[in-house]
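So this one's structure-v2.tsv, TSV, C-alpha atoms:
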chain	number	residue	atom	x	y	z
A	1	MET	CA	9.35	32.09	20.77
A	2	ASP	CA	10.59	35.47	19.67
A	3	ASP	CA	11.55	35.26	16.00
A	4	ALA	CA	10.80	37.56	13.12
A	5	GLY	CA	10.48	34.87	10.48
A	6	SER	CA	7.72	32.60	9.33
A	7	ARG	CA	5.34	30.83	11.69
A	8	LEU	CA	6.45	27.64	9.97
A	9	ILE	CA	9.09	25.45	11.62
A	10	PHE	CA	11.51	23.15	9.83
A	11	GLY	CA	11.44	19.56	11.13
A	12	SER	CA	14.77	17.78	10.73
A	13	MET	CA	13.56	14.18	10.97
A	14	GLY	CA	14.35	13.57	7.28
A	15	LEU	CA	17.99	14.67	7.54
A	16	GLY	CA	20.96	12.41	8.11
A	17	GLY	CA	20.44	9.88	5.34
A	18	GLY	CA	17.93	7.59	7.01
A	19	TRP	CA	17.76	5.47	10.16
A	20	GLY	CA	20.30	2.83	9.19
A	21	SER	CA	23.41	2.12	11.20
A	22	GLY	CA	25.85	3.50	8.65
A	23	PRO	CA	27.92	6.66	9.17
A	24	LEU	CA	26.99	10.16	8.10
A	25	GLU	CA	28.00	10.63	4.47
A	26	ALA	CA	29.09	13.73	2.57
A	27	ALA	CA	25.91	13.45	0.50
A	28	ASP	CA	23.83	13.61	3.68
A	29	VAL	CA	25.53	16.86	4.68
A	30	ALA	CA	25.03	18.29	1.19
A	31	ALA	CA	21.32	17.38	1.35
A	32	ALA	CA	21.07	19.11	4.75
A	33	HIS	CA	22.62	22.27	3.28
A	34	THR	CA	20.04	22.23	0.47
A	35	ALA	CA	17.09	21.66	2.81
A	36	VAL	CA	18.21	24.38	5.23
A	37	GLU	CA	18.68	26.84	2.39
A	38	ALA	CA	15.17	26.10	1.10
A	39	ALA	CA	13.75	26.67	4.59
A	40	LEU	CA	15.61	29.95	4.94
A	41	ASP	CA	14.33	31.03	1.53
A	42	ILE	CA	10.72	30.93	2.76
A	43	GLY	CA	11.48	32.72	6.01
A	44	ILE	CA	11.76	29.77	8.41
A	45	ARG	CA	13.94	30.59	11.39
A	46	VAL	CA	13.03	27.84	13.87
A	47	PHE	CA	14.59	24.40	13.36
A	48	ASP	CA	13.23	21.40	15.24
A	49	HIS	CA	15.33	18.35	16.14
A	50	ALA	CA	15.29	15.28	18.36
A	51	ASP	CA	18.19	13.24	19.66
A	52	ILE	CA	16.73	10.04	18.17
A	53	TYR	CA	16.18	11.28	14.59
A	54	ALA	CA	18.20	9.00	12.30
A	55	HIS	CA	19.92	7.76	15.47
A	56	GLY	CA	21.52	11.16	15.98
A	57	LYS	CA	22.62	11.62	12.37
A	58	ALA	CA	19.93	14.23	11.68
A	59	GLU	CA	21.39	16.51	14.35
A	60	ALA	CA	24.90	15.69	13.18
A	61	ALA	CA	24.06	16.64	9.58
A	62	PHE	CA	22.53	19.93	10.70
A	63	GLY	CA	25.50	20.51	12.99
A	64	ARG	CA	27.82	20.20	10.02
A	65	VAL	CA	25.78	22.89	8.27
A	66	LEU	CA	26.26	25.18	11.27
A	67	ALA	CA	29.96	24.33	11.50
A	68	GLU	CA	30.40	25.30	7.85
A	69	ARG	CA	28.14	28.35	8.14
A	70	PRO	CA	28.61	29.56	11.75
A	71	GLU	CA	27.02	32.93	10.97
A	72	LEU	CA	23.66	31.18	10.77
A	73	ARG	CA	23.49	30.34	14.47
A	74	GLU	CA	22.58	33.84	15.62
A	75	ALA	CA	19.85	34.07	12.98
A	76	LEU	CA	18.19	30.78	13.97
A	77	GLN	CA	16.24	29.30	16.86
A	78	LEU	CA	17.18	25.71	17.65
A	79	GLN	CA	15.06	23.27	19.58
A	80	SER	CA	15.53	19.60	20.24
A	81	LYS	CA	13.70	16.81	22.03
A	82	CYS	CA	14.93	14.17	24.42
A	83	GLY	CA	13.40	11.38	26.47
A	84	ILE	CA	13.11	8.39	24.11
A	85	ARG	CA	15.53	5.47	24.12
A	86	LEU	CA	15.38	3.43	20.94
A	87	PRO	CA	15.51	-0.37	21.27
A	88	VAL	CA	18.92	-2.04	21.08
A	89	PRO	CA	19.84	-5.71	21.40
A	90	GLY	CA	18.92	-6.82	24.90
A	91	LEU	CA	17.02	-3.65	25.80
A	92	VAL	CA	13.47	-2.70	24.87
A	93	GLY	CA	12.64	0.76	23.60
A	94	GLN	CA	11.49	3.01	26.40
A	95	TYR	CA	10.83	6.56	27.52
A	96	ASP	CA	13.43	8.04	29.84
A	97	SER	CA	12.96	11.52	31.29
A	98	SER	CA	15.11	10.88	34.33
A	99	ARG	CA	17.36	13.67	35.48
A	100	GLU	CA	20.46	11.94	34.16
A	101	ALA	CA	18.93	11.08	30.77
A	102	ILE	CA	17.72	14.63	30.13
A	103	VAL	CA	21.08	16.18	30.97
A	104	ALA	CA	23.11	13.59	29.06
A	105	GLY	CA	20.78	13.68	26.05
A	106	THR	CA	20.96	17.47	25.88
A	107	GLU	CA	24.75	17.46	26.11
A	108	GLU	CA	24.91	15.02	23.21
A	109	SER	CA	22.53	17.13	21.13
A	110	LEU	CA	24.62	20.23	21.73
A	111	ARG	CA	27.74	18.38	20.64
A	112	ARG	CA	26.14	17.08	17.46
A	113	LEU	CA	24.55	20.44	16.61
A	114	HIS	CA	27.83	22.34	17.10
A	115	THR	CA	26.20	24.88	19.42
A	116	ASP	CA	26.55	25.86	23.06
A	117	HIS	CA	22.83	26.17	23.78
A	118	LEU	CA	19.34	25.18	22.72
A	119	ASP	CA	16.71	27.87	22.56
A	120	THR	CA	14.10	25.28	23.55
A	121	LEU	CA	14.33	21.75	24.95
A	122	LEU	CA	11.26	19.52	24.65
A	123	ILE	CA	10.43	16.35	26.57
A	124	HIS	CA	9.57	14.04	23.68
A	125	ARG	CA	6.93	11.85	25.33
A	126	PRO	CA	5.60	11.38	28.85
A	127	ASP	CA	7.68	8.97	30.96
A	128	PRO	CA	5.52	7.27	33.62
A	129	LEU	CA	8.58	6.65	35.81
A	130	ALA	CA	9.88	10.23	35.84
A	131	PRO	CA	8.77	12.43	38.75
A	132	ALA	CA	8.03	16.01	37.76
A	133	GLU	CA	10.64	17.18	40.26
A	134	GLU	CA	13.39	15.30	38.41
A	135	ILE	CA	12.45	16.88	35.11
A	136	ALA	CA	12.39	20.30	36.78
A	137	GLU	CA	15.77	19.73	38.39
A	138	ALA	CA	17.35	18.68	35.09
A	139	PHE	CA	15.97	21.72	33.31
A	140	SER	CA	17.08	24.05	36.11
A	141	ARG	CA	20.60	22.64	35.91
A	142	LEU	CA	20.75	23.09	32.14
A	143	ARG	CA	19.24	26.56	32.23
A	144	LEU	CA	21.62	27.80	34.94
A	145	ALA	CA	24.52	26.47	32.87
A	146	GLY	CA	23.28	28.47	29.88
A	147	LYS	CA	22.69	25.33	27.82
A	148	VAL	CA	18.89	25.56	27.52
A	149	ARG	CA	16.76	28.69	27.54
A	150	ARG	CA	13.18	27.33	27.55
A	151	LEU	CA	11.47	24.05	28.36
A	152	GLY	CA	8.63	22.54	26.39
A	153	VAL	CA	6.89	19.22	25.95
A	154	SER	CA	5.63	17.05	23.13
A	155	ASN	CA	2.61	14.76	23.04
A	156	MET	CA	1.29	15.84	26.45
A	157	SER	CA	-2.24	16.65	27.58
A	158	GLY	CA	-3.25	19.78	29.41
A	159	GLU	CA	-3.44	17.91	32.72
A	160	GLN	CA	0.03	16.43	32.23
A	161	MET	CA	1.32	19.91	31.56
A	162	ARG	CA	-0.41	21.22	34.68
A	163	TRP	CA	1.24	18.44	36.71
A	164	LEU	CA	4.71	19.24	35.33
A	165	GLN	CA	4.27	23.00	35.57
A	166	ALA	CA	3.65	22.75	39.31
A	167	ALA	CA	7.24	21.57	39.77
A	168	LEU	CA	8.83	24.17	37.49
A	169	ASP	CA	9.94	27.70	38.31
A	170	GLU	CA	9.70	28.74	34.64
A	171	PRO	CA	6.60	28.49	32.43
A	172	LEU	CA	6.38	25.72	29.87
A	173	ALA	CA	6.90	27.30	26.46
A	174	VAL	CA	5.78	24.74	23.88
A	175	ASN	CA	3.59	21.70	23.36
A	176	GLN	CA	4.21	19.82	20.09
A	177	LEU	CA	1.32	17.59	19.01
A	178	GLU	CA	0.32	15.74	15.87
A	179	MET	CA	-2.14	18.12	14.20
A	180	SER	CA	-3.20	18.24	10.57
A	181	LEU	CA	-6.17	18.21	8.24
A	182	TYR	CA	-6.01	14.42	8.51
A	183	ARG	CA	-5.22	14.02	12.22
A	184	ARG	CA	-8.01	16.14	13.61
A	185	ASP	CA	-8.68	14.73	17.09
A	186	TRP	CA	-7.40	18.00	18.57
A	187	LEU	CA	-10.24	19.77	16.74
A	188	GLU	CA	-12.96	17.13	16.92
A	189	SER	CA	-12.65	16.76	20.71
A	190	GLY	CA	-13.87	20.30	21.17
A	191	VAL	CA	-17.06	19.93	19.12
A	192	LEU	CA	-18.08	16.36	19.93
A	193	VAL	CA	-18.67	16.94	23.63
A	194	ASN	CA	-22.06	15.46	24.51
A	195	HIS	CA	-22.26	13.67	21.17
A	196	PRO	CA	-21.98	9.90	20.50
A	197	GLU	CA	-19.13	10.44	18.02
A	198	GLY	CA	-17.06	11.89	20.84
A	199	ALA	CA	-16.51	8.41	22.31
A	200	ALA	CA	-14.18	7.60	19.41
A	201	VAL	CA	-12.01	10.70	19.88
A	202	GLY	CA	-8.99	10.07	22.05
A	203	PHE	CA	-7.54	13.58	22.21
A	204	PRO	CA	-7.73	14.85	25.82
A	205	HIS	CA	-10.29	17.59	26.30
A	206	GLY	CA	-8.96	20.92	27.44
A	207	THR	CA	-5.43	20.65	26.05
A	208	LEU	CA	-5.78	23.46	23.54
A	209	GLU	CA	-7.57	25.56	26.13
A	210	TYR	CA	-4.78	24.98	28.66
A	211	CYS	CA	-2.17	26.07	26.12
A	212	ALA	CA	-4.16	29.19	25.24
A	213	ALA	CA	-4.73	30.13	28.88
A	214	HIS	CA	-1.04	29.71	29.77
A	215	ALA	CA	0.54	31.15	26.61
A	216	VAL	CA	2.00	27.79	25.59
A	217	GLU	CA	2.95	27.74	21.91
A	218	LEU	CA	1.28	24.95	19.95
A	219	GLN	CA	3.45	23.27	17.34
A	220	ALA	CA	2.00	20.75	14.89
A	221	TRP	CA	4.09	17.78	13.83
A	222	GLY	CA	2.84	15.79	10.86
A	223	SER	CA	1.24	19.01	9.62
A	224	LEU	CA	1.38	18.07	5.93
A	225	ALA	CA	-0.33	14.73	6.66
A	226	ARG	CA	2.60	13.02	4.92
A	227	GLY	CA	1.47	14.39	1.59
A	228	ARG	CA	-1.93	12.71	1.84
A	229	TYR	CA	-3.71	15.61	0.15
A	230	SER	CA	-0.79	17.04	-1.83
A	231	GLY	CA	1.83	15.62	-4.09
A	232	ARG	CA	1.51	11.89	-3.45
A	233	PRO	CA	-1.52	10.66	-5.42
A	234	ALA	CA	-0.49	6.99	-5.53
A	235	GLU	CA	0.06	6.75	-1.79
A	236	ARG	CA	-3.03	8.82	-1.11
A	237	ALA	CA	-5.23	6.56	-3.23
A	238	ALA	CA	-3.82	3.39	-1.71
A	239	GLY	CA	-4.06	4.35	1.94
A	240	THR	CA	-4.22	1.65	4.60
A	241	ALA	CA	-7.08	-0.08	6.33
A	242	ASP	CA	-6.36	1.43	9.73
A	243	GLU	CA	-6.03	4.94	8.29
A	244	ALA	CA	-9.35	4.68	6.50
A	245	ASP	CA	-11.24	3.19	9.44
A	246	GLY	CA	-13.66	5.67	10.96
A	247	ASP	CA	-12.31	8.52	8.85
A	248	GLY	CA	-14.39	8.51	5.72
A	249	GLY	CA	-11.96	6.18	3.97
A	250	ALA	CA	-10.49	6.57	0.53
A	251	ALA	CA	-13.51	8.48	-0.74
A	252	ALA	CA	-12.94	11.21	1.84
A	253	ASP	CA	-9.27	11.32	0.94
A	254	ARG	CA	-10.04	11.75	-2.75
A	255	ALA	CA	-12.68	14.41	-2.09
A	256	THR	CA	-10.34	16.34	0.21
A	257	ALA	CA	-7.43	16.12	-2.23
A	258	ALA	CA	-9.69	17.35	-5.03
A	259	LEU	CA	-10.87	20.30	-2.92
A	260	VAL	CA	-7.30	21.15	-1.90
A	261	SER	CA	-6.29	21.09	-5.57
A	262	GLU	CA	-9.25	23.25	-6.56
A	263	LEU	CA	-8.50	25.84	-3.89
A	264	ALA	CA	-4.84	25.88	-4.89
A	265	ARG	CA	-5.78	26.57	-8.52
A	266	ASP	CA	-8.23	29.31	-7.52
A	267	LYS	CA	-5.74	31.00	-5.22
A	268	GLY	CA	-2.70	30.53	-7.43
A	269	CYS	CA	-0.77	28.65	-4.79
A	270	THR	CA	0.46	25.15	-4.02
A	271	GLN	CA	-1.53	22.36	-2.42
A	272	GLU	CA	0.91	22.38	0.50
A	273	ALA	CA	0.06	26.03	1.16
A	274	VAL	CA	-3.65	25.16	1.35
A	275	VAL	CA	-3.11	22.21	3.71
A	276	LEU	CA	-0.91	24.26	6.04
A	277	GLY	CA	-3.07	27.36	5.61
A	278	TRP	CA	-5.99	25.39	7.07
A	279	LEU	CA	-4.00	24.86	10.28
A	280	LEU	CA	-2.76	28.43	10.35
A	281	ARG	CA	-6.32	29.77	10.02
A	282	HIS	CA	-7.24	28.32	13.43
A	283	PRO	CA	-7.15	30.96	16.20
A	284	ALA	CA	-4.91	28.83	18.43
A	285	ARG	CA	-1.89	30.27	16.57
A	286	ILE	CA	-0.63	26.81	15.63
A	287	ARG	CA	2.89	26.64	14.23
A	288	PRO	CA	3.17	23.84	11.65
A	289	VAL	CA	6.36	21.79	11.62
A	290	VAL	CA	7.29	21.08	8.01
A	291	GLY	CA	8.80	17.61	8.13
A	292	THR	CA	9.90	17.12	4.54
A	293	SER	CA	13.56	17.48	3.57
A	294	ASN	CA	12.69	17.82	-0.14
A	295	PRO	CA	13.67	21.40	-1.05
A	296	GLU	CA	10.87	21.70	-3.64
A	297	ARG	CA	8.23	20.69	-1.11
A	298	ILE	CA	9.74	23.00	1.51
A	299	ARG	CA	9.51	25.95	-0.86
A	300	ALA	CA	5.97	24.88	-1.80
A	301	CYS	CA	4.96	25.76	1.78
A	302	GLY	CA	6.10	29.36	1.43
A	303	GLN	CA	2.66	30.91	0.84
A	304	ALA	CA	0.95	29.05	3.70
A	305	GLU	CA	0.61	32.05	6.02
A	306	GLU	CA	-0.80	34.24	3.27
A	307	ILE	CA	-3.29	31.54	2.25
A	308	GLY	CA	-4.29	30.86	5.84
A	309	ALA	CA	-4.91	34.53	6.55
A	310	ALA	CA	-7.12	34.84	3.46
A	311	MET	CA	-8.99	31.54	3.88
A	312	THR	CA	-12.70	32.13	4.32
A	313	ARG	CA	-14.86	30.48	6.94
A	314	GLN	CA	-16.66	28.57	4.16
A	315	GLU	CA	-13.39	27.28	2.70
A	316	TRP	CA	-12.07	26.24	6.11
A	317	TYR	CA	-15.24	24.36	7.03
A	318	ALA	CA	-15.47	22.80	3.56
A	319	LEU	CA	-12.01	21.31	4.00
A	320	TRP	CA	-12.86	20.03	7.47
A	321	VAL	CA	-16.12	18.40	6.35
A	322	ALA	CA	-14.44	16.86	3.30
A	323	ALA	CA	-11.69	15.35	5.43
A	324	ARG	CA	-14.26	14.01	7.94
A	325	GLY	CA	-16.10	12.27	5.15
A	326	ARG	CA	-19.43	13.13	6.78
A	327	PRO	CA	-21.29	16.26	7.88
A	328	LEU	CA	-20.72	17.93	11.20
A	329	PRO	CA	-23.14	16.80	13.93
Translate this structure into structure tokens?
Amino acid sequence: MDDAGSRLIFGSMGLGGGWGSGPLEAADVAAAHTAVEAALDIGIRVFDHADIYAHGKAEAAFGRVLAERPELREALQLQSKCGIRLPVPGLVGQYDSSREAIVAGTEESLRRLHTDHLDTLLIHRPDPLAPAEEIAEAFSRLRLAGKVRRLGVSNMSGEQMRWLQAALDEPLAVNQLEMSLYRRDWLESGVLVNHPEGAAVGFPHGTLEYCAAHAVELQAWGSLARGRYSGRPAERAAGTADEADGDGGAAADRATAALVSELARDKGCTQEAVVLGWLLRHPARIRPVVGTSNPERIRACGQAEEIGAAMTRQEWYALWVAARGRPLP
């Protein structure tokens, strides 16, 4: 994506006043203005959405910001995701990347966002019932109409991308995956080949390599690990049984948080900048999606690129080993 701003991306999931069934309120729009301004202050120019976030209210809140500040549109890159149907009475939740669902979902996103085009459209999750040709046809229709400029995916493996790419006449631009100092399967899968620990790693081998070989931008959702190592000590200490299982547990969390805090003090930066800097230090050119809508936490991410660029090999590995809760094999 061609933008001159930060490598960070703003994730809009927290906009819109929550996932309840109530209408969008004036306070929700005001909060969106504040969050967007904080993101702009630290150089963010790419804003990530999905049609399901807050049942559409996240896009609607952001759209009100654009409607009230139309000059922003030319300075921003907008992307949104489609392909998930939330459960409603009588219908189970499901994935839907059919031709009709992609086109209709995109049209609705454009309406809510008060824009005539998306810079990037992402397929939110793989739909087992959607032929690649249908996805390609929907994208072609939207692109020819000037409503979508690039197509990307989210939560797909390298082989799934290869399968979809064969049906497309334009290269896939993005793959958005959960990647953080806590969720490290994307990293562990590459070093645990031919090692017993590798059996517990579910991330599909070769996905990062596919993206690198085909110039697919990697975006990391959940990049702040939900504040696990920064800013939420009570939640971090409590944890949950499933989160701790096989991951070094609470002791690893405490050790990692302590190291993040120490590095932040030494470098004169925030803990958020250290956590994101660790991702940014990786040569895959990962672009972290900052999912908080708290303006203070958004601004706390502002030094992440600087910290990542200056992070030493020893510091990077020390964070990885601390988060693992055990030495590398």
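Coordinates place atom CA of Pro89 of chain A at a distance of 26.4 Å from atom CA of Leu110 of chain A.
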What's around Glu188 of chain A at 8 Å? Count only C-alpha atoms, leave out sequence neighbours fewer than 4 positions away in its own chain, and write the answer as a list in words.
Arg184, Leu192, Gly198 and Val201 of chain A
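Taking atom CA of Arg228 of chain A as the reference point, atom CA of Ser12 of chain A is found at 19.6 Å.
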Separation of atom CA of Gly14 of chain A and atom CA of Ala27 of chain A, in Å?
13.4 Å
Find the residues near segment 221-227 of chain A: any atom within 8 Å, counting all atoms listed in the file, skip ones fewer than 5 places away on the same chain, and give them as a list of chain:residue names.
A:Gln176, A:Leu177, A:Glu178, A:Met179, A:Ser180, A:Leu181, A:Tyr182, A:Arg183, A:Arg232, A:Arg236, A:Glu272, A:Val275, A:Leu276, A:Leu279, A:Pro288, A:Val289, A:Val290, A:Gly291
What's the 10 Å shell around segment 97-108 of chain A, counting only C-alpha atoms, without same-chain residues fewer than 5 positions away, as a CSV table (one decimal) with C-alpha atoms, in the coordinates of the input?
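Result written to result.csv:
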chain,number,residue,atom,x,y,z
A,50,ALA,CA,15.3,15.3,18.4
A,51,ASP,CA,18.2,13.2,19.7
A,52,ILE,CA,16.7,10.0,18.2
A,56,GLY,CA,21.5,11.2,16.0
A,59,GLU,CA,21.4,16.5,14.4
A,80,SER,CA,15.5,19.6,20.2
A,81,LYS,CA,13.7,16.8,22.0
A,82,CYS,CA,14.9,14.2,24.4
A,83,GLY,CA,13.4,11.4,26.5
A,84,ILE,CA,13.1,8.4,24.1
A,85,ARG,CA,15.5,5.5,24.1
A,113,LEU,CA,24.6,20.4,16.6
A,114,HIS,CA,27.8,22.3,17.1
A,116,ASP,CA,26.6,25.9,23.1
A,117,HIS,CA,22.8,26.2,23.8
A,118,LEU,CA,19.3,25.2,22.7
A,121,LEU,CA,14.3,21.8,25.0
A,122,LEU,CA,11.3,19.5,24.6
A,123,ILE,CA,10.4,16.4,26.6
A,124,HIS,CA,9.6,14.0,23.7
A,125,ARG,CA,6.9,11.8,25.3
A,126,PRO,CA,5.6,11.4,28.8
A,127,ASP,CA,7.7,9.0,31.0
A,128,PRO,CA,5.5,7.3,33.6
A,129,LEU,CA,8.6,6.6,35.8
A,130,ALA,CA,9.9,10.2,35.8
A,131,PRO,CA,8.8,12.4,38.8
A,132,ALA,CA,8.0,16.0,37.8
A,133,GLU,CA,10.6,17.2,40.3
A,134,GLU,CA,13.4,15.3,38.4
A,135,ILE,CA,12.4,16.9,35.1
A,136,ALA,CA,12.4,20.3,36.8
A,137,GLU,CA,15.8,19.7,38.4
A,138,ALA,CA,17.4,18.7,35.1
A,139,PHE,CA,16.0,21.7,33.3
A,141,ARG,CA,20.6,22.6,35.9
A,142,LEU,CA,20.8,23.1,32.1
A,147,LYS,CA,22.7,25.3,27.8
A,148,VAL,CA,18.9,25.6,27.5
For segment 254-257 of chain A, list every protein, DNA or RNA residue within 9 Å, evaluated using all atoms listed in the file, and leave out those in the same chain fewer than 6 positions away; present the list as a PyMOL selection string.
chain A and resi 228-230+233+236-237+271+318-325
Please put the answer as JSON: centre and edge lengths, in Å with one decimal, of a box along x, y and z that encloses all listed atoms of segment 174-187 of chain A plus 6 Å on each side.
{"center_x": -2.2, "center_y": 19.4, "center_z": 16.1, "size_x": 28.0, "size_y": 22.7, "size_z": 27.6}
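Compared by their closest atoms to Phe47 of chain A, and using all atoms listed in the file, the residues A:Ala67, A:Ala213, A:Ala30, A:Met13 rank with A:Met13 nearest.
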Here's a test: counting all atoms listed in the file, identify every protein, DNA and RNA residue with an atom at most 9 Å from (5.1, 23.2, 18.9) in the file's coordinate frame, and state them as a ChimeraX atom specification.
/A:9,152-154,173-177,216-221,286-289
With all heavy atoms as the target, complete segment 30-38 of chain A and hand it back as a JSON list (two decimals), in the frame of the given file.
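Saved file result-v7.json follows:
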[["chain", "number", "residue", "atom", "x", "y", "z"],
["A", 30, "ALA", "N", 25.41, 17.45, 2.33],
["A", 30, "ALA", "CA", 25.03, 18.29, 1.19],
["A", 30, "ALA", "C", 23.51, 18.43, 1.13],
["A", 30, "ALA", "O", 22.98, 19.52, 0.87],
["A", 30, "ALA", "CB", 25.57, 17.70, -0.11],
["A", 31, "ALA", "N", 22.78, 17.33, 1.36],
["A", 31, "ALA", "CA", 21.32, 17.38, 1.35],
["A", 31, "ALA", "C", 20.80, 18.27, 2.48],
["A", 31, "ALA", "O", 19.81, 18.99, 2.32],
["A", 31, "ALA", "CB", 20.75, 15.97, 1.49],
["A", 32, "ALA", "N", 21.47, 18.24, 3.64],
["A", 32, "ALA", "CA", 21.07, 19.11, 4.75],
["A", 32, "ALA", "C", 21.26, 20.58, 4.39],
["A", 32, "ALA", "O", 20.40, 21.42, 4.68],
["A", 32, "ALA", "CB", 21.86, 18.75, 6.00],
["A", 33, "HIS", "N", 22.38, 20.89, 3.74],
["A", 33, "HIS", "CA", 22.62, 22.27, 3.28],
["A", 33, "HIS", "C", 21.47, 22.73, 2.38],
["A", 33, "HIS", "O", 20.94, 23.84, 2.52],
["A", 33, "HIS", "CB", 23.94, 22.36, 2.52],
["A", 33, "HIS", "CG", 25.14, 22.62, 3.38],
["A", 33, "HIS", "ND1", 25.40, 23.84, 3.96],
["A", 33, "HIS", "CD2", 26.15, 21.80, 3.75],
["A", 33, "HIS", "CE1", 26.52, 23.78, 4.64],
["A", 33, "HIS", "NE2", 27.01, 22.55, 4.54],
["A", 34, "THR", "N", 21.08, 21.87, 1.44],
["A", 34, "THR", "CA", 20.04, 22.23, 0.47],
["A", 34, "THR", "C", 18.70, 22.44, 1.16],
["A", 34, "THR", "O", 17.97, 23.38, 0.85],
["A", 34, "THR", "CB", 19.92, 21.12, -0.59],
["A", 34, "THR", "OG1", 21.19, 20.95, -1.22],
["A", 34, "THR", "CG2", 18.90, 21.50, -1.64],
["A", 35, "ALA", "N", 18.36, 21.54, 2.09],
["A", 35, "ALA", "CA", 17.09, 21.66, 2.81],
["A", 35, "ALA", "C", 17.06, 22.91, 3.68],
["A", 35, "ALA", "O", 16.06, 23.64, 3.72],
["A", 35, "ALA", "CB", 16.86, 20.41, 3.66],
["A", 36, "VAL", "N", 18.15, 23.19, 4.38],
["A", 36, "VAL", "CA", 18.21, 24.38, 5.23],
["A", 36, "VAL", "C", 18.09, 25.64, 4.39],
["A", 36, "VAL", "O", 17.38, 26.59, 4.76],
["A", 36, "VAL", "CB", 19.52, 24.39, 6.05],
["A", 36, "VAL", "CG1", 19.72, 25.73, 6.74],
["A", 36, "VAL", "CG2", 19.50, 23.26, 7.09],
["A", 37, "GLU", "N", 18.75, 25.67, 3.25],
["A", 37, "GLU", "CA", 18.68, 26.84, 2.39],
["A", 37, "GLU", "C", 17.25, 27.06, 1.89],
["A", 37, "GLU", "O", 16.77, 28.20, 1.84],
["A", 37, "GLU", "CB", 19.62, 26.68, 1.20],
["A", 37, "GLU", "CG", 19.87, 27.95, 0.42],
["A", 37, "GLU", "CD", 20.52, 29.04, 1.27],
["A", 37, "GLU", "OE1", 21.39, 28.73, 2.11],
["A", 37, "GLU", "OE2", 20.12, 30.22, 1.11],
["A", 38, "ALA", "N", 16.56, 25.98, 1.55],
["A", 38, "ALA", "CA", 15.17, 26.10, 1.10],
["A", 38, "ALA", "C", 14.29, 26.65, 2.23],
["A", 38, "ALA", "O", 13.42, 27.50, 1.99],
["A", 38, "ALA", "CB", 14.65, 24.74, 0.64]]
